[in-house]
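Undergrad: One file is attached below, query_12.cif, containing mmCIF, C-alpha atoms.
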data_final
loop_
_atom_site.label_atom_id
_atom_site.label_comp_id
_atom_site.auth_asym_id
_atom_site.auth_seq_id
_atom_site.Cartn_x
_atom_site.Cartn_y
_atom_site.Cartn_z
CA MET Z 1 0.00 0.00 0.00
CA ARG Z 2 2.75 2.35 0.91
CA GLN Z 3 4.56 1.57 -2.37
CA ARG Z 4 1.40 2.34 -4.29
CA ARG Z 5 1.06 5.71 -2.64
CA LEU Z 6 4.71 6.43 -3.24
CA MET Z 7 4.38 5.42 -6.91
CA GLY Z 8 1.24 7.53 -7.28
CA ALA Z 9 2.98 10.51 -5.70
CA LEU Z 10 5.98 10.11 -8.01
CA LEU Z 11 3.70 9.82 -11.02
CA GLY Z 12 1.78 12.91 -9.95
CA LEU Z 13 4.98 14.87 -9.37
CA SER Z 14 6.38 13.86 -12.72
CA LEU Z 15 3.19 14.93 -14.46
CA LEU Z 16 3.20 18.23 -12.58
CA ALA Z 17 6.85 18.84 -13.38
CA GLY Z 18 6.22 18.19 -17.05
CA CYS Z 19 8.41 15.14 -17.26
CA GLN Z 20 7.71 12.95 -20.20
CA TRP Z 21 8.38 9.30 -20.67
CA GLY Z 22 9.02 9.49 -24.42
CA PRO Z 23 10.00 11.95 -27.08
CA THR Z 24 7.53 14.66 -27.96
CA GLU Z 25 6.02 15.02 -31.40
CA ALA Z 26 8.34 17.95 -32.11
CA GLN Z 27 11.36 15.88 -31.08
CA ARG Z 28 10.23 13.02 -33.32
CA ARG Z 29 9.82 15.45 -36.25
CA GLN Z 30 13.28 16.92 -35.65
CA ALA Z 31 14.84 13.47 -35.51
CA ALA Z 32 13.09 12.46 -38.73
CA GLU Z 33 14.26 15.68 -40.41
CA ARG Z 34 17.86 15.06 -39.29
CA GLN Z 35 17.64 11.50 -40.61
CA ARG Z 36 16.22 12.72 -43.92
CA ALA Z 37 19.00 15.31 -44.26
CA LEU Z 38 21.66 12.68 -43.53
CA ALA Z 39 20.17 10.29 -46.10
CA GLN Z 40 19.98 13.13 -48.65
CA CYS Z 41 23.59 13.99 -47.92
CA GLN Z 42 24.74 10.41 -48.40
CA ARG Z 43 22.77 10.11 -51.65
CA HIS Z 44 24.46 13.20 -53.14
CA GLN Z 45 27.90 13.01 -51.53
CA ALA Z 46 29.67 11.67 -54.63
CA ALA Z 47 28.20 14.35 -56.92
CA LEU Z 48 28.54 17.26 -54.47
CA PRO Z 49 32.12 18.33 -55.34
CA GLN Z 50 31.22 18.60 -59.02
CA LEU Z 51 27.99 20.49 -58.23
CA LEU Z 52 29.88 22.92 -55.98
CA ALA Z 53 32.59 23.49 -58.59
CA ARG Z 54 29.99 24.09 -61.32
CA PHE Z 55 28.10 26.52 -59.07
CA GLU Z 56 31.24 28.52 -58.22
CA ALA Z 57 32.42 28.60 -61.85
CA ASP Z 58 29.00 29.71 -63.12
CA ARG Z 59 28.66 32.29 -60.34
CA LEU Z 60 32.06 33.79 -61.12
CA GLY Z 61 31.27 33.68 -64.84
CA LEU Z 62 28.01 35.54 -64.28
CA LEU Z 63 29.67 38.19 -62.12
CA ALA Z 64 32.45 38.63 -64.70
CA ARG Z 65 29.93 38.93 -67.54
CA LYS Z 66 27.98 41.56 -65.58
CA ALA Z 67 31.19 43.53 -64.96
CA GLU Z 68 32.14 43.71 -68.63
CA VAL Z 69 32.15 47.15 -70.24
CA TYR Z 70 32.14 48.12 -73.86
CA PRO Z 71 35.68 48.52 -75.25
CA ALA Z 72 35.43 51.66 -77.37
CA SER Z 73 37.79 52.05 -80.29
CA PRO Z 74 40.11 55.05 -80.18
CA ALA Z 75 38.66 58.29 -81.49
CA PRO Z 76 40.53 60.38 -84.04
CA ARG Z 77 43.35 62.31 -82.45
CA PRO Z 78 42.25 65.89 -81.77
CA LEU Z 79 44.02 68.73 -83.49
CA ASP Z 80 47.05 70.17 -81.75
CA PRO Z 81 46.43 73.87 -80.98
CA ASP Z 82 50.15 74.71 -81.18
CA GLU Z 83 50.43 73.09 -84.57
CA GLN Z 84 47.24 74.80 -85.74
CA SER Z 85 48.53 78.23 -84.73
CA ARG Z 86 51.44 77.85 -87.14
CA LEU Z 87 49.17 77.17 -90.11
CA THR Z 88 47.42 79.63 -92.36
CA ILE Z 89 43.72 80.22 -91.82
CA TYR Z 90 42.90 78.21 -94.96
CA ASP Z 91 45.00 75.23 -93.76
CA GLN Z 92 43.47 75.46 -90.28
CA GLN Z 93 39.97 75.35 -91.78
CA SER Z 94 40.95 72.48 -94.07
CA GLU Z 95 42.39 70.42 -91.20
CA GLN Z 96 39.34 71.20 -89.04
CA GLU Z 97 37.03 69.96 -91.79
CA GLN Z 98 39.06 66.75 -92.18
CA TYR Z 99 39.01 66.21 -88.42
CA ASP Z 100 35.24 66.86 -88.23
CA GLN Z 101 34.62 64.36 -91.05
CA ALA Z 102 36.86 61.73 -89.40
CA LEU Z 103 35.13 62.30 -86.05
CA ALA Z 104 31.64 61.98 -87.60
CA LEU Z 105 32.65 58.77 -89.39
CA TRP Z 106 34.15 57.37 -86.17
CA GLN Z 107 31.01 58.23 -84.18
CA GLU Z 108 28.79 56.52 -86.75
CA ARG Z 109 30.96 53.38 -86.79
CA GLU Z 110 31.25 53.40 -83.02
CA GLN Z 111 27.48 53.63 -82.63
CA ARG Z 112 26.97 50.57 -84.88
CA ARG Z 113 29.82 48.72 -83.18
CA ARG Z 114 28.42 49.49 -79.71
CA GLY Z 115 24.94 48.35 -80.74
CA ALA Z 116 26.30 45.05 -82.04
CA TRP Z 117 28.37 44.55 -78.87
CA GLU Z 118 25.36 45.28 -76.65
CA ALA Z 119 23.23 42.77 -78.56
CA ARG Z 120 25.93 40.08 -78.22
CA GLN Z 121 26.44 41.02 -74.58
CA ALA Z 122 22.74 40.62 -73.82
CA VAL Z 123 22.79 37.10 -75.27
CA ARG Z 124 25.99 36.18 -73.37
CA LEU Z 125 24.58 37.58 -70.14
CA GLN Z 126 21.35 35.63 -70.55
CA GLU Z 127 23.32 32.42 -71.20
CA ALA Z 128 25.47 33.04 -68.11
CA GLU Z 129 22.37 33.65 -65.98
CA GLN Z 130 20.72 30.47 -67.25
CA ALA Z 131 23.84 28.39 -66.54
CA PHE Z 132 24.04 29.87 -63.06
CA ARG Z 133 20.35 29.20 -62.36
CA ARG Z 134 20.79 25.55 -63.41
CA ALA Z 135 23.79 25.17 -61.07
CA GLU Z 136 21.86 26.88 -58.28
CA ALA Z 137 18.83 24.61 -58.80
CA ALA Z 138 21.04 21.50 -58.71
CA LEU Z 139 22.47 22.53 -55.34
CA ARG Z 140 19.07 23.49 -53.94
CA GLN Z 141 17.86 20.03 -54.93
CA VAL Z 142 20.56 18.52 -52.71
CA SER Z 143 19.62 20.90 -49.88
CA PRO Z 144 18.26 24.46 -49.81
CA GLU Z 145 20.47 25.21 -46.80
CA LEU Z 146 23.61 25.00 -48.99
CA LEU Z 147 22.87 28.49 -50.37
CA ASP Z 148 22.02 31.81 -48.78
CA SER Z 149 19.29 34.15 -50.01
CA GLY Z 150 21.65 36.71 -51.58
CA THR Z 151 21.50 37.96 -55.16
CA PRO Z 152 23.20 36.04 -56.57
CA PRO Z 153 23.20 33.38 -53.85
CA ASN Z 154 26.43 32.41 -52.12
CA LEU Z 155 27.42 29.10 -50.60
CA GLN Z 156 26.72 28.61 -46.90
CA ARG Z 157 30.15 27.33 -45.83
CA ASP Z 158 28.89 25.60 -42.65
CA ALA Z 159 26.23 23.64 -44.51
CA VAL Z 160 28.67 22.80 -47.31
CA GLY Z 161 31.08 21.42 -44.70
CA ARG Z 162 28.35 19.24 -43.18
CA TYR Z 163 27.31 17.92 -46.59
CA ARG Z 164 30.90 17.22 -47.63
CA SER Z 165 31.58 15.13 -44.54
CA CYS Z 166 28.14 13.47 -44.24
CA ARG Z 167 28.87 12.46 -40.65
CA PRO Z 168 25.76 11.72 -38.56
CA GLU Z 169 26.97 14.00 -35.75
CA ALA Z 170 27.05 16.92 -38.20
CA PHE Z 171 23.26 16.64 -38.56
CA ARG Z 172 22.40 16.74 -34.85
#
Any chance you could give the structure as structure tokens?
TA:
Amino acid sequence: MRQRRLMGALLGLSLLAGCQWGPTEAQRRQAAERQRALAQCQRHQAALPQLLARFEADRLGLLARKAEVYPASPAPRPLDPDEQSRLTIYDQQSEQEQYDQALALWQEREQRRRGAWEARQAVRLQEAEQAFRRAEAALRQVSPELLDSGTPPNLQRDAVGRYRSCRPEAFR
């Protein structure tokens, strides 16, 4: 009888104190999520180095493509004022006309050249963005936590380290 009362008191105290005899639903979900992440890691461990290399290469390629600027061709050399002052008025006017014609021709060519470069650049930039998005999607398929939410996304070094090692203790 005394043992029963003692057992009942202990049970009542444990219930009052919030003690639990088994894992909670949240703990079971967390454990299942850790197990899923470990299994996902092990499934993709062999391909991960190649996916990471492709992501970094495509990211750097995209950033380099975005940083490119149009390489203008050299404009006609302007007239030298000292040299011009030694010429007759007629020769000065003649050289000025030649320079103005050369400058107009250069500007026209440069405008066409720039337009063609910008069109090619738009295509190259779109291709670089598509390649990067494919590399990003491949990594997110392994695990969304491998990338941050930046624009463009960067690797999360801690998560990459966990996924490279695939040790169970890394997913606790």
Undergrad: Closest to Leu155 of chain Z among Z:Lys66, Z:Arg34, Z:Arg140, Z:Arg86, using only C-alpha atoms?
TA: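 Of the candidates, the smallest distance to Leu155 of chain Z is held by Z:Arg140.
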Undergrad: Evaluated on this file, the PyMOL selection byres ((chain Z and resi 137) around 12) picks out some residues - which ones are they, written as a list of chain:residue names?
TA: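 On the file shown, the PyMOL selection byres ((chain Z and resi 137) around 12) covers Z:Leu51, Z:Leu52, Z:Arg54, Z:Phe55, Z:Gln130, Z:Ala131, Z:Phe132, Z:Arg133, Z:Arg134, Z:Ala135, Z:Glu136, Z:Ala138, Z:Leu139, Z:Arg140, Z:Gln141, Z:Val142, Z:Ser143, Z:Pro144, Z:Leu146, Z:Leu147, Z:Pro153.
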Undergrad: Can you tell me how far atom CA of Gln96 of chain Z sits from atom CA of Glu83 of chain Z, in Å to one decimal?
TA: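 About the pair atom CA of Gln96 of chain Z and atom CA of Glu83 of chain Z: they are 12.1 Å apart.
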Undergrad: Write out as a PyMOL selection string the residues lying within 12 Å of Ala37 of chain Z, counting all atoms listed in the file and excluding same-chain residues fewer than 4 positions away.
TA: chain Z and resi 30-33+41-45+141-146+159+162-163+166-172
Undergrad: Just give me the gap between atom CA of Gln92 of chain Z and atom CA of Ala104 of chain Z in Å, one decimal is fine.
TA: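 Separation between atom CA of Gln92 of chain Z and atom CA of Ala104 of chain Z: 18.1 Å.
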Undergrad: When you count all atoms listed in the file, which of these residues is closest to Glu68 of chain Z: Z:Leu125, Z:Ala53, Z:Ala39, Z:Val160?
TA: Z:Leu125
Undergrad: The PyMOL selection byres ((chain Z and resi 76) around 8) - which residues does that actually catch in the file I just gave you? List them as number ranges by chain.
TA: Z: 74-75, 77-78, 99, 102-103, 106
Undergrad: Counting all atoms listed in the file, which of Z:Val69, Z:Ala128, Z:Leu87, Z:Val123 gets nearest to Ala57 of chain Z?
TA: Z:Ala128
